[in-house]
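Just below is one structure, and these are the notes that go with it.
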Amino acid sequence: MTSDNFPSRLFKITEAFYRDVPSTADTHAFMDKFIEFLFPLRGNPAGSLEGTQRMWEELKVDFHKIITPVCEHRDCCCNNLTDRFFNQIPLLFTGLLQDAEMYNDCDPAAFCKEEVILCYPGFYAVMVYRIAHIIHKLDIPILPRVISEYAHSRTGIDINPGAEIGKRFYIDHGTGIVIGETTVIGENVKLYQGVTLGATFVSKKLEGKRRHPTIEDNVIIYAGSTILGGDTVVGHDTVIGGNVWLTRSVPPFSKVYHDPQIIIKGR
């Protein structure tokens, strides 16, 4: 095959391979518009009740367009999935306000909730995760990962949309955080940068099985800590210090610290 024949061969391959995926560009544009709808201070406010209602209807049309390539041949039609998604938005919005309050309550550097919503990468990543998680629970394929990876690329925070995360979730700084697909996180949990909630090892045979840890309510996990394994449970009200490596469960009200070795050099 000569290089001149490559374009036609590439076209035939990609035509078959890429036909059933959502548009990345359309998805990113939808997310930006959707987040500006929820929190107008992040973009251009609609300016009136009529404008807000019009934007709501436009978002429904955009969402329907995005999911059509991956859902049009399924038993549950795109119209039904669109309605089910948007019916959950009021509860989503209430939960996001609780998340924003958590940041404002916990971070002495936070001036107000508006600053959290506008500036904090951790809040942005949690917001995008919660949107992607709803879509994941609707069994819409591929799109939840497209959405979550958009936030990952912008914040350095990697939250799989399959994770289960409770109310008032707080991520400070956030860069380098990884939360795996089967992670379960309770309410009022705080994570700092560089935390990994992962699996003890990776194998395709583990698909659909619990591979990631459970973090119960009111847990704090400080920077650089790694917690691994589907059988690992961090009990409620526990504090995990920085740079801890943990592959077994700890009871509630524990304190787990990495004990550094200090060596004083001679003259």
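By convention in this document, the chains of the structure tokens carry letters A, B, ... by their order, each chain's residues are numbered from 1, and ligands are numbered from 1 in the order they are shown.
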Given only C-alpha atoms, how would the per-residue table for stretch 136-211 of chain A near stretch 95-104 of chain A read, listing every residue at most 12 Å away with its closest atom pair and distance in Å to one decimal, sorted by chain and number, as a Markdown table?
```
| residue | atom | partner | partner_atom | distance |
| --- | --- | --- | --- | --- |
| A:Ile165 | CA | A:Gly95 | CA | 11.2 |
| A:Gly166 | CA | A:Gly95 | CA | 9.3 |
| A:Lys167 | CA | A:Gly95 | CA | 6.6 |
| A:Arg168 | CA | A:Asp99 | CA | 4.3 |
| A:Phe169 | CA | A:Asp99 | CA | 5.8 |
| A:Tyr170 | CA | A:Tyr103 | CA | 6.1 |
| A:Ile171 | CA | A:Tyr103 | CA | 8.1 |
| A:Asp172 | CA | A:Tyr103 | CA | 8.3 |
| A:His173 | CA | A:Tyr103 | CA | 11.2 |
| A:Glu187 | CA | A:Asp99 | CA | 10.2 |
| A:Asn188 | CA | A:Met102 | CA | 7.8 |
| A:Val189 | CA | A:Met102 | CA | 9.6 |
| A:Lys190 | CA | A:Met102 | CA | 9.3 |
| A:Leu191 | CA | A:Tyr103 | CA | 11.4 |
```
Counting only C-alpha atoms, what is within 7 Å of stretch 225-227 of chain A, bar same-chain residues fewer than 5 positions away, as a PyMOL selection string? chain A and resi 194-198+213+242-247
Give the strand (DSSP E or B) residues of stretch 34-221 of chain A, as DSSP finds them on the backbone, and put them as number ranges by chain. A: 158-159, 164-165, 170-172, 178-179, 184-185, 190-192, 196-198, 214-215, 220-221
If I take atom CA of A:Leu143 and atom CA of A:Ser23, how far is one from the other in Å, to one decimal?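 Value for the atom CA of A:Leu143-atom CA of A:Ser23 distance: 8.9 Å.
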